[in-house]
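Trainee: This is query26.cif (mmCIF, C-alpha atoms).
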data_entry
loop_
_atom_site.label_atom_id
_atom_site.label_comp_id
_atom_site.auth_asym_id
_atom_site.auth_seq_id
_atom_site.Cartn_x
_atom_site.Cartn_y
_atom_site.Cartn_z
CA GLY A 1338 49.50 -38.90 91.38
CA TYR A 1339 46.89 -36.12 91.41
CA SER A 1340 45.80 -36.54 87.80
CA ARG A 1341 42.39 -38.04 87.19
CA GLN A 1342 43.40 -38.06 83.53
CA ALA A 1343 46.01 -40.69 84.33
CA LEU A 1344 43.39 -43.17 85.47
CA PRO A 1345 41.28 -45.48 83.31
CA GLY A 1346 37.60 -44.77 83.65
CA THR A 1347 38.17 -41.05 83.97
CA ARG A 1348 38.35 -38.60 81.09
CA ALA A 1349 41.34 -40.19 79.35
CA SER A 1350 40.01 -43.71 79.61
CA SER A 1351 42.71 -45.20 77.40
CA ARG A 1352 45.37 -44.27 79.90
CA GLN A 1353 46.94 -46.61 82.39
CA PRO A 1354 47.82 -45.42 85.91
CA GLU A 1355 51.39 -44.47 86.52
CA SER A 1356 53.20 -46.16 89.33
CA GLN A 1357 52.87 -44.34 92.63
CA PRO A 1358 55.67 -43.88 95.15
CA SER A 1359 55.48 -46.22 98.08
CA ARG A 1360 54.16 -44.97 101.39
CA GLY A 1361 56.80 -43.30 103.47
CA THR A 1362 58.91 -41.89 100.61
CA PRO A 1363 60.03 -38.25 100.92
CA THR A 1364 57.54 -37.18 98.22
CA THR A 1365 54.48 -38.65 99.91
CA ILE A 1366 55.52 -37.32 103.31
CA MET A 1367 56.81 -33.84 102.48
CA LEU A 1368 54.18 -32.72 99.95
CA PRO A 1369 51.16 -32.96 102.29
CA ARG A 1370 53.17 -31.43 105.16
CA SER A 1371 54.41 -28.55 103.02
CA LEU A 1372 50.91 -27.81 101.74
CA LEU A 1373 49.53 -27.92 105.28
CA LEU A 1374 52.16 -25.50 106.57
CA LEU A 1375 51.41 -23.10 103.70
CA SER A 1376 47.70 -23.29 104.44
CA LEU A 1377 48.21 -22.50 108.12
CA ALA A 1378 50.61 -19.66 107.36
CA SER A 1379 48.18 -18.23 104.83
CA ALA A 1380 45.36 -18.44 107.37
CA ASP A 1381 47.40 -16.35 109.81
CA ALA A 1382 48.11 -13.81 107.06
CA PHE A 1383 44.45 -13.48 106.13
CA ALA A 1384 43.43 -12.99 109.73
CA ALA A 1385 46.08 -10.32 110.27
CA ALA A 1386 45.19 -8.53 107.05
CA ARG A 1387 41.46 -8.08 107.80
CA PRO A 1388 41.83 -4.58 109.34
CA HIS A 1389 43.86 -3.44 106.30
CA LEU A 1390 41.10 -4.62 103.97
CA GLY A 1391 38.46 -2.64 105.79
CA LEU A 1392 36.57 -5.80 106.72
CA PRO A 1393 34.63 -6.09 109.97
CA PRO A 1394 36.01 -8.33 112.72
CA ARG A 1395 35.45 -11.99 112.01
CA PRO A 1396 32.29 -13.22 113.73
CA ALA A 1397 32.67 -15.50 116.71
CA ALA A 1398 32.49 -19.20 115.91
CA ARG A 1399 28.93 -20.48 115.76
CA PRO A 1400 27.93 -23.76 117.36
CA VAL A 1401 26.79 -26.46 114.99
CA HIS A 1402 23.19 -26.28 116.18
CA VAL A 1403 22.94 -22.71 114.85
CA LEU A 1404 22.90 -24.19 111.36
CA ARG A 1405 19.43 -25.49 112.14
CA GLY A 1406 18.22 -21.93 111.80
CA GLY A 1407 18.08 -22.32 108.04
CA GLY A 1408 19.75 -20.77 105.03
CA ALA A 1409 20.47 -17.44 106.74
CA ALA A 1410 22.42 -19.13 109.52
CA LEU A 1411 24.36 -21.25 107.03
CA GLN A 1412 25.16 -18.17 104.96
CA ALA A 1413 26.40 -16.31 108.03
CA SER A 1414 28.57 -19.23 109.08
CA LEU A 1415 30.11 -19.57 105.63
CA ALA A 1416 30.67 -15.83 105.37
CA GLY A 1417 32.49 -15.80 108.68
CA ALA A 1418 34.72 -18.71 107.73
CA LEU A 1419 35.55 -17.69 104.15
CA ALA A 1420 36.09 -14.01 104.92
CA GLY A 1421 38.67 -14.70 107.61
CA GLY A 1422 41.79 -16.67 108.32
CA MET A 1423 39.99 -19.99 107.94
CA ALA A 1424 39.25 -19.54 104.22
CA LEU A 1425 41.73 -22.11 102.92
CA PRO A 1426 41.05 -24.65 105.69
CA THR A 1427 37.30 -24.26 105.08
CA ALA A 1428 37.72 -24.84 101.35
CA THR A 1429 39.93 -27.83 102.13
CA GLY A 1430 37.18 -29.19 104.37
CA ILE A 1431 34.61 -28.82 101.59
CA ALA A 1432 36.90 -30.64 99.18
CA ALA A 1433 37.64 -33.35 101.75
CA ALA A 1434 33.92 -33.95 102.29
CA CYS A 1435 33.48 -34.33 98.53
CA GLY A 1436 36.55 -36.54 98.40
CA THR A 1437 35.03 -39.20 100.63
CA LEU A 1438 33.80 -40.81 97.41
CA CYS A 1439 37.30 -42.32 97.30
CA TYR A 1440 36.15 -44.76 99.96
CA ILE A 1441 33.77 -46.19 97.34
CA ARG A 1442 36.26 -46.22 94.47
CA GLN A 1443 39.81 -45.02 94.97
CA ALA A 1444 39.96 -43.32 91.56
CA TYR A 1445 36.96 -41.12 92.35
CA ILE A 1446 39.22 -38.73 94.29
CA PHE A 1447 40.67 -37.58 90.94
CA SER A 1448 37.42 -37.49 88.97
CA LEU A 1449 33.98 -37.24 90.55
CA SER A 1450 35.34 -35.71 93.75
CA TYR A 1451 37.29 -33.12 91.74
CA GLY A 1452 34.11 -31.89 90.10
CA LEU A 1453 32.12 -31.96 93.34
CA SER A 1454 34.87 -30.06 95.18
CA MET A 1455 34.80 -27.17 92.71
CA LEU A 1456 31.01 -27.14 92.72
CA GLY A 1457 31.08 -27.01 96.52
CA ILE A 1458 33.72 -24.28 96.80
CA GLY A 1459 32.17 -22.13 94.08
CA GLY A 1460 28.70 -22.56 95.59
CA ALA A 1461 29.97 -21.71 99.07
CA VAL A 1462 31.50 -18.45 97.80
CA LEU A 1463 28.25 -17.53 96.03
CA LEU A 1464 26.35 -18.17 99.24
CA ALA A 1465 28.82 -16.28 101.42
CA ALA A 1466 29.24 -13.23 99.18
CA PRO A 1467 28.07 -10.09 100.98
CA ALA A 1468 25.26 -7.95 99.60
CA PRO A 1469 25.34 -6.11 97.30
CA ARG A 1470 27.20 -8.90 95.50
CA SER A 1471 30.04 -7.83 93.21
CA PRO A 1472 29.21 -8.82 89.60
CA LEU A 1473 32.81 -9.85 88.97
CA LEU A 1474 32.87 -12.01 92.09
CA ALA A 1475 29.53 -13.59 91.17
CA ALA A 1476 30.82 -14.38 87.68
CA HIS A 1477 34.04 -15.88 89.03
CA ALA A 1478 32.28 -18.03 91.63
CA GLY A 1479 29.58 -19.05 89.18
CA LEU A 1480 32.20 -20.20 86.67
CA VAL A 1481 34.05 -22.33 89.24
CA ALA A 1482 30.75 -23.88 90.38
CA ALA A 1483 29.67 -24.46 86.77
CA TYR A 1484 33.02 -26.05 85.95
CA GLY A 1485 32.64 -28.49 88.82
CA ALA A 1486 29.00 -29.27 88.04
CA ARG A 1487 29.74 -29.88 84.35
CA LEU A 1488 32.72 -32.10 85.06
CA PHE A 1489 30.91 -34.15 87.70
CA ALA A 1490 27.84 -34.62 85.49
CA PHE A 1491 29.93 -35.62 82.47
CA LEU A 1492 32.06 -38.14 84.35
CA LEU A 1493 29.04 -39.62 86.16
CA TRP A 1494 27.16 -39.96 82.88
CA ARG A 1495 30.10 -41.66 81.20
CA GLN A 1496 30.82 -43.87 84.20
CA LYS A 1497 27.28 -45.05 84.86
CA PHE A 1498 25.05 -44.34 81.89
CA GLN A 1499 27.08 -44.23 78.67
CA PRO A 1500 26.12 -47.19 76.47
CA ALA A 1501 28.65 -50.03 76.27
CA TYR A 1502 31.08 -48.27 78.60
CA ASP A 1503 31.95 -50.54 81.54
CA GLY A 1504 33.25 -47.99 84.00
CA GLU A 1505 33.17 -50.31 87.00
CA ALA A 1506 35.37 -52.86 85.24
CA ARG A 1507 37.92 -50.12 84.56
CA LEU A 1508 37.94 -48.66 88.07
CA LYS A 1509 37.66 -51.71 90.30
CA PRO A 1510 41.24 -52.95 89.64
CA LEU A 1511 42.51 -49.56 90.89
CA ASP A 1512 41.20 -50.18 94.41
CA LYS A 1513 44.62 -51.29 95.59
CA THR A 1514 44.76 -49.34 98.86
CA PRO A 1515 42.62 -50.40 101.85
CA ARG A 1516 39.86 -47.87 102.45
CA LEU A 1517 41.15 -46.36 105.69
CA GLN A 1518 44.63 -45.99 104.20
CA ARG A 1519 43.20 -43.71 101.50
CA THR A 1520 42.76 -40.91 104.04
CA PRO A 1521 46.20 -39.26 103.55
CA ILE A 1522 45.76 -38.94 99.79
CA LEU A 1523 42.22 -37.68 100.39
CA LEU A 1524 43.43 -34.88 102.69
CA SER A 1525 46.43 -33.84 100.59
CA THR A 1526 44.34 -33.81 97.40
CA ALA A 1527 41.64 -31.76 99.13
CA LEU A 1528 44.29 -29.22 100.12
CA PHE A 1529 45.53 -29.09 96.53
CA TYR A 1530 41.99 -28.44 95.30
CA SER A 1531 41.64 -25.57 97.77
CA LEU A 1532 44.90 -24.03 96.50
CA LEU A 1533 43.66 -24.41 92.94
CA ALA A 1534 40.49 -22.51 93.86
CA SER A 1535 42.31 -20.01 96.11
CA PRO A 1536 42.13 -17.07 93.63
CA LEU A 1537 38.35 -17.24 94.07
CA LEU A 1538 38.70 -17.21 97.87
CA PHE A 1539 40.96 -14.16 97.68
CA HIS A 1540 38.50 -12.51 95.29
CA LEU A 1541 35.77 -12.95 97.89
CA GLN A 1542 37.89 -11.39 100.62
CA ALA A 1543 38.83 -8.37 98.51
CA ALA A 1544 35.50 -7.78 96.70
CA PRO A 1545 34.39 -5.32 95.45
CA LEU A 1546 38.04 -4.22 95.02
CA ALA A 1547 37.36 -0.83 96.57
CA GLY A 1548 39.65 1.85 95.20
CA ALA A 1549 40.91 -0.31 92.36
CA SER A 1550 41.32 1.29 88.95
CA ALA A 1551 39.26 0.38 85.92
CA ALA A 1552 42.32 -1.37 84.47
CA VAL A 1553 42.62 -3.58 87.53
CA ALA A 1554 38.94 -4.49 87.38
CA GLY A 1555 39.40 -5.13 83.68
CA VAL A 1556 42.01 -7.80 84.46
CA SER A 1557 39.47 -9.61 86.62
CA ALA A 1558 36.80 -9.35 83.92
CA ALA A 1559 39.23 -10.60 81.27
CA GLY A 1560 40.14 -13.53 83.48
CA ALA A 1561 36.49 -14.47 83.86
CA ALA A 1562 36.08 -14.35 80.08
CA VAL A 1563 39.11 -16.61 79.59
CA ALA A 1564 37.75 -19.06 82.17
CA ALA A 1565 34.37 -19.11 80.42
CA ALA A 1566 36.07 -19.85 77.09
CA GLY A 1567 38.06 -22.68 78.66
CA LEU A 1568 34.93 -24.15 80.24
CA VAL A 1569 33.06 -24.22 76.93
CA TYR A 1570 36.08 -25.50 74.98
CA GLU A 1571 36.65 -28.39 77.39
CA ALA A 1572 32.95 -29.31 77.49
CA VAL A 1573 32.74 -29.41 73.67
CA ALA A 1574 35.96 -31.44 73.43
CA ASP A 1575 34.71 -34.00 75.97
CA GLN A 1576 31.41 -34.43 74.16
CA GLN A 1577 32.97 -34.71 70.70
CA LYS A 1578 35.36 -37.44 71.75
CA SER A 1579 32.74 -39.33 73.77
CA ARG A 1580 30.19 -39.33 70.95
CA PHE A 1581 32.85 -40.63 68.56
CA LYS A 1582 33.74 -43.49 70.92
CA MET A 1583 30.05 -44.28 71.46
CA ALA A 1584 29.50 -44.53 67.70
CA LEU A 1585 32.44 -46.94 67.38
CA ARG A 1586 31.10 -49.20 70.12
CA ALA A 1587 27.57 -49.08 68.74
CA GLY A 1588 28.79 -50.17 65.30
CA GLY A 1589 31.02 -52.90 66.67
CA ALA A 1590 34.12 -51.22 65.20
CA LYS A 1591 37.54 -51.45 66.78
CA ASP A 1592 38.79 -48.53 68.85
CA ARG A 1593 40.33 -45.65 66.90
CA LEU A 1594 41.95 -42.35 67.74
CA TYR A 1595 39.58 -39.40 67.39
CA MET A 1596 41.05 -36.79 65.03
CA GLY A 1597 38.04 -34.58 64.28
CA GLY A 1598 36.37 -31.54 65.80
CA LEU A 1599 38.57 -29.58 68.18
CA TYR A 1600 41.05 -32.46 68.11
CA ALA A 1601 41.83 -31.65 64.49
CA GLN A 1602 44.05 -28.80 65.77
CA SER A 1603 44.92 -29.99 69.32
CA ARG A 1604 45.53 -33.66 70.06
CA HIS A 1605 44.47 -33.18 73.68
CA ALA A 1606 41.84 -30.48 73.39
CA ASN A 1607 40.12 -31.36 76.67
CA TYR A 1608 43.40 -30.93 78.55
CA LEU A 1609 43.90 -27.55 76.86
CA GLY A 1610 40.42 -26.44 77.92
CA GLU A 1611 41.18 -27.28 81.53
CA LEU A 1612 44.43 -25.30 81.50
CA VAL A 1613 42.70 -22.32 79.89
CA PHE A 1614 39.95 -22.41 82.53
CA TRP A 1615 42.32 -22.38 85.52
CA THR A 1616 44.51 -19.71 83.93
CA GLY A 1617 41.39 -17.56 83.60
CA SER A 1618 40.42 -18.20 87.22
CA PHE A 1619 43.91 -17.16 88.31
CA LEU A 1620 43.63 -13.93 86.31
CA ALA A 1621 40.14 -13.25 87.67
CA GLY A 1622 41.54 -13.38 91.21
CA ALA A 1623 44.82 -11.61 90.40
CA PRO A 1624 43.62 -8.11 91.43
CA SER A 1625 42.79 -9.41 94.90
CA ILE A 1626 46.41 -10.54 95.17
CA ALA A 1627 48.22 -7.60 93.60
CA ALA A 1628 45.96 -4.59 94.03
CA ALA A 1629 43.80 -5.16 97.11
CA ALA A 1630 43.66 -1.85 99.00
CA GLY A 1631 45.63 -1.81 102.24
CA LEU A 1632 46.84 -5.41 102.06
CA PRO A 1633 50.40 -5.70 103.45
CA LEU A 1634 53.13 -6.87 101.10
CA TRP A 1635 53.81 -10.05 103.08
CA ALA A 1636 50.13 -11.02 102.95
CA ARG A 1637 50.08 -10.44 99.19
CA ALA A 1638 53.17 -12.62 98.87
CA LEU A 1639 51.48 -15.47 100.73
CA ARG A 1640 48.40 -15.17 98.55
CA LEU A 1641 50.57 -15.23 95.43
CA VAL A 1642 52.43 -18.34 96.64
CA ALA A 1643 49.18 -20.17 97.42
CA ALA A 1644 47.51 -19.30 94.10
CA SER A 1645 50.69 -19.99 92.12
CA LEU A 1646 51.09 -23.42 93.71
CA GLY A 1647 47.58 -24.34 92.60
CA LEU A 1648 48.10 -23.10 89.04
CA ALA A 1649 51.59 -24.63 88.74
CA GLY A 1650 50.25 -27.90 90.09
CA ILE A 1651 47.49 -28.23 87.51
CA PHE A 1652 49.92 -27.28 84.70
CA PHE A 1653 52.37 -29.93 85.88
CA ILE A 1654 49.61 -32.54 86.08
CA MET A 1655 48.13 -31.78 82.67
CA THR A 1656 51.43 -31.48 80.78
CA SER A 1657 52.70 -34.70 82.38
CA ALA A 1658 49.46 -36.45 81.43
CA THR A 1659 49.83 -35.15 77.88
CA LYS A 1660 53.34 -36.55 77.55
CA ARG A 1661 52.32 -39.95 78.88
CA LEU A 1662 49.29 -40.17 76.61
CA GLU A 1663 51.37 -39.06 73.62
CA GLY A 1664 53.70 -41.99 74.26
CA LYS A 1665 50.84 -44.49 74.47
CA GLN A 1666 49.28 -43.18 71.27
CA ARG A 1667 52.57 -43.44 69.39
CA GLU A 1668 52.97 -47.00 70.64
CA LYS A 1669 49.43 -47.92 69.52
CA TYR A 1670 49.07 -45.99 66.26
CA GLY A 1671 52.66 -45.16 65.30
CA ALA A 1672 52.74 -47.57 62.37
CA GLU A 1673 49.69 -46.01 60.72
CA ALA A 1674 50.20 -43.45 57.93
CA GLU A 1675 47.08 -41.57 59.02
CA TYR A 1676 48.56 -41.05 62.48
CA ALA A 1677 51.81 -39.70 61.02
CA GLU A 1678 49.80 -37.15 59.03
CA TYR A 1679 47.83 -36.28 62.14
CA LEU A 1680 51.02 -35.62 64.10
CA ALA A 1681 52.31 -33.33 61.35
CA SER A 1682 49.12 -31.27 61.20
CA THR A 1683 48.47 -30.80 64.93
CA ASN A 1684 50.09 -29.80 68.19
CA ALA A 1685 49.83 -31.71 71.44
CA LEU A 1686 48.10 -28.83 73.25
CA LEU A 1687 48.14 -25.44 71.55
CA PRO A 1688 45.91 -25.51 68.42
CA LYS A 1689 47.71 -25.64 65.08
CA PHE A 1690 45.84 -24.02 62.20
#
Translate this file's structure into structure tokens.
Mentor:
Amino acid sequence: GYSRQALPGTRASSRQPESQPSRGTPTTIMLPRSLLLLSLASADAFAAARPHLGLPPRPAARPVHVLRGGGAALQASLAGALAGGMALPTATGIAAACGTLCYIRQAYIFSLSYGLSMLGIGGAVLLAAPAPRSPLLAAHAGLVAAYGARLFAFLLWRQKFQPAYDGEARLKPLDKTPRLQRTPILLSTALFYSLLASPLLFHLQAAPLAGASAAVAGVSAAGAAVAAAGLVYEAVADQQKSRFKMALRAGGAKDRLYMGGLYAQSRHANYLGELVFWTGSFLAGAPSIAAAAGLPLWARALRLVAASLGLAGIFFIMTSATKRLEGKQREKYGAEAEYAEYLASTNALLPKF
């Protein structure tokens, strides 16, 4: 139920929402509780590991009115929260604040709020990074923020400003849950988003990877490069498909499957770009999990579990969305010879040349 791609009006607008488990089922109860317990356990691990990382004691909590002091006070508050045991809860709070768009339209939690959450978390890390800022950390945080900004801008443009695209008509029927009852899915999704971005949080806490070898730093740099490639690939794929659909609507033609551009090798190129991006982010933060100087083994294990849950979650979501969309496309275009040729010459995700 976390996939924005499964909802009409989001990136895969031809999709229909899958049925959701009823409230009170073991899945809906245990998943948020399990994620919450992991977050709290990870927070304890981060707090205990601070002396081993050579970090100064976490600053005392600041009252809210201190934020009125301006950007310096906000930066200090964020640095204190993200550098200590409250890193994951703070990121969850940022994502939850962005997720309140679900009270306008329920489907926004998986689309606009997703982009805003990553923009918020990446921006917070950039603001909280200590001086002198690590170039690798700045690149990692900048990429996460850019990913969120690009996704939010694209979805907002398509939803509100793309010609002949009635986004409201697609999303309004999905408002099936009363507004106040959307809070549990808001909180559990916000926690998932924080786990997805957790390699960046760990990167902040371990930067500048003091004592790490050049090979270890190279892994982080390679991860950033992979994430950048995924970001560009996904952005190009989204634009190619959207421009094709716009041209069809402008000419009054019936809807057709886009088979050109990046989709000539991968039938779901935008999904592939998203998976590549988050794999790169995981690699960029991997040294802070495996090679952070002085970090106890149990704390590393908790970091690995948190980051792996985020990465495994997005892979499960995207591969499940791919399978469902493949089925719908076969149902709609399966009788066409052109579609049969397209299936033979492409892969669902990995490009086929």
Trainee: Write out as a PyMOL selection string which residues come within 12 Å of A:Ala1559 when counting only C-alpha atoms, dropping same-chain ones fewer than 3 positions away.
Mentor: chain A and resi 1473+1476-1477+1551-1556+1562-1566+1614+1616-1624
Trainee: Which residue out of A:Ala1543, A:Phe1447, A:Gly1567, A:Thr1659 has the minimum interatomic distance to A:Ala1483 when all atoms listed in the file are used?
Mentor: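 Smallest separation from A:Ala1483 among the options: A:Gly1567.
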Trainee: Could you give me, as a tab-separated table, a per-residue list for stretch 1405-1519 of chain A showing, wherever an atom lies at most 10 Å from an atom of stretch 1576-1599 of chain A, the closest pair of atoms and their distance in Å to one decimal, using all atoms listed in the file and sorting by chain then residue number from low to high?
Mentor:
residue	atom	partner	partner_atom	distance
A:Phe1491	CA	A:Gln1576	CA	8.5
A:Arg1495	CA	A:Ser1579	CA	8.2
A:Gln1499	CA	A:Met1583	CA	7.8
A:Pro1500	CA	A:Met1583	CA	7.0
A:Ala1501	CA	A:Arg1586	CA	6.7
A:Tyr1502	CA	A:Met1583	CA	8.2
Trainee: Evaluating the PyMOL selection byres ((chain A and resi 1514) around 12) on the displayed file yields which residues, as a list of chain:residue names?
Mentor: A:Gln1357, A:Ser1359, A:Arg1360, A:Cys1439, A:Tyr1440, A:Ile1441, A:Arg1442, A:Gln1443, A:Ala1444, A:Lys1509, A:Pro1510, A:Leu1511, A:Asp1512, A:Lys1513, A:Pro1515, A:Arg1516, A:Leu1517, A:Gln1518, A:Arg1519, A:Thr1520, A:Pro1521, A:Ile1522
Trainee: Please write the residues picked by the PyMOL selection byres ((chain A and resi 1643) around 10) on this file as a list in words.
Mentor: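 On this input, the PyMOL selection byres ((chain A and resi 1643) around 10) captures Leu1372, Leu1375, Ser1376, Ser1379, Leu1425, Phe1529, Ser1531, Leu1532, Leu1533, Ala1534, Ser1535, Pro1536, Arg1637, Ala1638, Leu1639, Arg1640, Leu1641, Val1642, Ala1644, Ser1645, Leu1646, Gly1647 and Leu1648 of chain A.
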Trainee: Have a look at A:Ser1557, A:Ser1603, A:Gln1666, A:Asn1684 and name the one nearest to A:Ala1627; count only C-alpha atoms.
Mentor: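 Among the listed residues, A:Ser1557 lies closest to A:Ala1627.
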Trainee: Report, in Å to a single decimal, how far apart atom CA of A:Leu1523 and atom CA of A:Ser1414 are.
Mentor: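 Separating atom CA of A:Ser1414 from atom CA of A:Leu1523 is a distance of 24.5 Å.
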Trainee: Quick one: of A:Leu1524, A:Arg1604, A:Gly1485, A:Gln1496, who's nearest to A:Leu1568, counting only C-alpha atoms?
Mentor: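 Distance minimum relative to A:Leu1568 lands on A:Gly1485.
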Trainee: Using atom CA of A:Ala1478 and atom CA of A:Ala1490 as the two end points, give the distance in Å to one decimal.
Mentor: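 Atom CA of A:Ala1478 sits 18.2 Å away from atom CA of A:Ala1490.
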Trainee: For A:Leu1456, which residue out of A:Gly1430, A:Gly1664, A:Gly1479, A:Gly1504 is the nearest one, using all atoms listed in the file?
Mentor: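 Comparing A:Gly1430, A:Gly1664, A:Gly1479, A:Gly1504 against A:Leu1456, the winner is A:Gly1479.
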Trainee: Name the residues that the PyMOL selection byres ((chain A and resi 1452) around 10) pulls out of this structure, and write them as a list in words.
Mentor: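 Applying the expression gives Ala1432, Cys1435, Gly1436, Tyr1445, Ile1446, Phe1447, Ser1448, Leu1449, Ser1450, Tyr1451, Leu1453, Ser1454, Met1455, Leu1456, Gly1457, Val1481, Ala1482, Ala1483, Tyr1484, Gly1485, Ala1486, Arg1487, Leu1488, Phe1489, Ala1490, Phe1491 and Leu1492 of chain A.
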Trainee: Which residue out of A:Thr1526, A:Ser1625, A:Gln1542, A:Thr1429 has the minimum interatomic distance to A:Ala1465 when only C-alpha atoms are used?
Mentor: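 Nearest to A:Ala1465: A:Gln1542.
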Trainee: At most 12 Å from (51.0, -32.5, 62.0), file frame, only C-alpha atoms: which residues, as a VMD selection string?
Mentor: chain A and resid 1596 1600 to 1604 1674 to 1685 1688 to 1690
Trainee: May I have the protein, DNA and RNA residues with an atom at most 10 Å from (32.5, -13.2, 97.9), counting all atoms listed in the file in the file's coordinates, returned as number ranges by chain?
Mentor: A: 1416, 1419-1420, 1459, 1461-1468, 1470-1475, 1477-1478, 1537-1545
Trainee: Let me make sure I understand: among A:Gly1671, A:Gly1460, A:Gly1417, A:Pro1426, which one has the smallest atom-to-atom distance to A:Tyr1530 if we use only C-alpha atoms?
Mentor: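 Looking only at the distances to A:Tyr1530, the closest residue turns out to be A:Pro1426.
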Trainee: In Å, rounded to a single decimal, give me how far atom CA of A:Ile1458 is from atom CA of A:Tyr1608.
Mentor: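 Answer for the atom CA of A:Tyr1608 to atom CA of A:Ile1458 separation: 21.7 Å.
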Trainee: Could you add the missing atoms to stretch 1570-1583 of chain A, up to N, CA, C and O atoms, and return them as an mmCIF file, in the frame of the given file?
Mentor:
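Final file, result_0.cif:
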data_model
loop_
_atom_site.group_PDB
_atom_site.id
_atom_site.type_symbol
_atom_site.label_atom_id
_atom_site.label_comp_id
_atom_site.auth_asym_id
_atom_site.auth_seq_id
_atom_site.Cartn_x
_atom_site.Cartn_y
_atom_site.Cartn_z
ATOM 1 N N TYR A 1570 35.165 -24.731 75.853
ATOM 2 C CA TYR A 1570 36.080 -25.500 74.980
ATOM 3 C C TYR A 1570 36.241 -26.918 75.509
ATOM 4 O O TYR A 1570 36.166 -27.893 74.738
ATOM 5 N N GLU A 1571 36.469 -27.053 76.798
ATOM 6 C CA GLU A 1571 36.650 -28.390 77.390
ATOM 7 C C GLU A 1571 35.374 -29.212 77.288
ATOM 8 O O GLU A 1571 35.422 -30.416 76.993
ATOM 9 N N ALA A 1572 34.219 -28.588 77.546
ATOM 10 C CA ALA A 1572 32.950 -29.310 77.490
ATOM 11 C C ALA A 1572 32.692 -29.832 76.073
ATOM 12 O O ALA A 1572 32.278 -30.988 75.886
ATOM 13 N N VAL A 1573 32.941 -28.990 75.063
ATOM 14 C CA VAL A 1573 32.740 -29.410 73.670
ATOM 15 C C VAL A 1573 33.704 -30.540 73.321
ATOM 16 O O VAL A 1573 33.323 -31.542 72.685
ATOM 17 N N ALA A 1574 34.968 -30.411 73.731
ATOM 18 C CA ALA A 1574 35.960 -31.440 73.430
ATOM 19 C C ALA A 1574 35.576 -32.788 74.052
ATOM 20 O O ALA A 1574 35.690 -33.837 73.414
ATOM 21 N N ASP A 1575 35.129 -32.762 75.303
ATOM 22 C CA ASP A 1575 34.710 -34.000 75.970
ATOM 23 C C ASP A 1575 33.557 -34.664 75.225
ATOM 24 O O ASP A 1575 33.552 -35.881 75.011
ATOM 25 N N GLN A 1576 32.580 -33.877 74.830
ATOM 26 C CA GLN A 1576 31.410 -34.430 74.160
ATOM 27 C C GLN A 1576 31.763 -34.973 72.769
ATOM 28 O O GLN A 1576 31.288 -36.036 72.363
ATOM 29 N N GLN A 1577 32.592 -34.251 72.032
ATOM 30 C CA GLN A 1577 32.970 -34.710 70.700
ATOM 31 C C GLN A 1577 33.670 -36.066 70.759
ATOM 32 O O GLN A 1577 33.335 -36.991 70.009
ATOM 33 N N LYS A 1578 34.618 -36.189 71.651
ATOM 34 C CA LYS A 1578 35.360 -37.440 71.750
ATOM 35 C C LYS A 1578 34.474 -38.573 72.253
ATOM 36 O O LYS A 1578 34.546 -39.701 71.740
ATOM 37 N N SER A 1579 33.611 -38.295 73.224
ATOM 38 C CA SER A 1579 32.740 -39.330 73.770
ATOM 39 C C SER A 1579 31.742 -39.825 72.740
ATOM 40 O O SER A 1579 31.489 -41.034 72.631
ATOM 41 N N ARG A 1580 31.158 -38.925 71.965
ATOM 42 C CA ARG A 1580 30.190 -39.330 70.950
ATOM 43 C C ARG A 1580 30.862 -40.170 69.858
ATOM 44 O O ARG A 1580 30.270 -41.122 69.329
ATOM 45 N N PHE A 1581 32.098 -39.839 69.532
ATOM 46 C CA PHE A 1581 32.850 -40.630 68.560
ATOM 47 C C PHE A 1581 33.068 -42.046 69.072
ATOM 48 O O PHE A 1581 32.855 -43.034 68.348
ATOM 49 N N LYS A 1582 33.498 -42.165 70.337
ATOM 50 C CA LYS A 1582 33.740 -43.490 70.920
ATOM 51 C C LYS A 1582 32.440 -44.281 71.039
ATOM 52 O O LYS A 1582 32.420 -45.501 70.836
ATOM 53 N N MET A 1583 31.351 -43.602 71.387
ATOM 54 C CA MET A 1583 30.050 -44.280 71.460
ATOM 55 C C MET A 1583 29.640 -44.846 70.109
ATOM 56 O O MET A 1583 29.121 -45.974 70.014
#
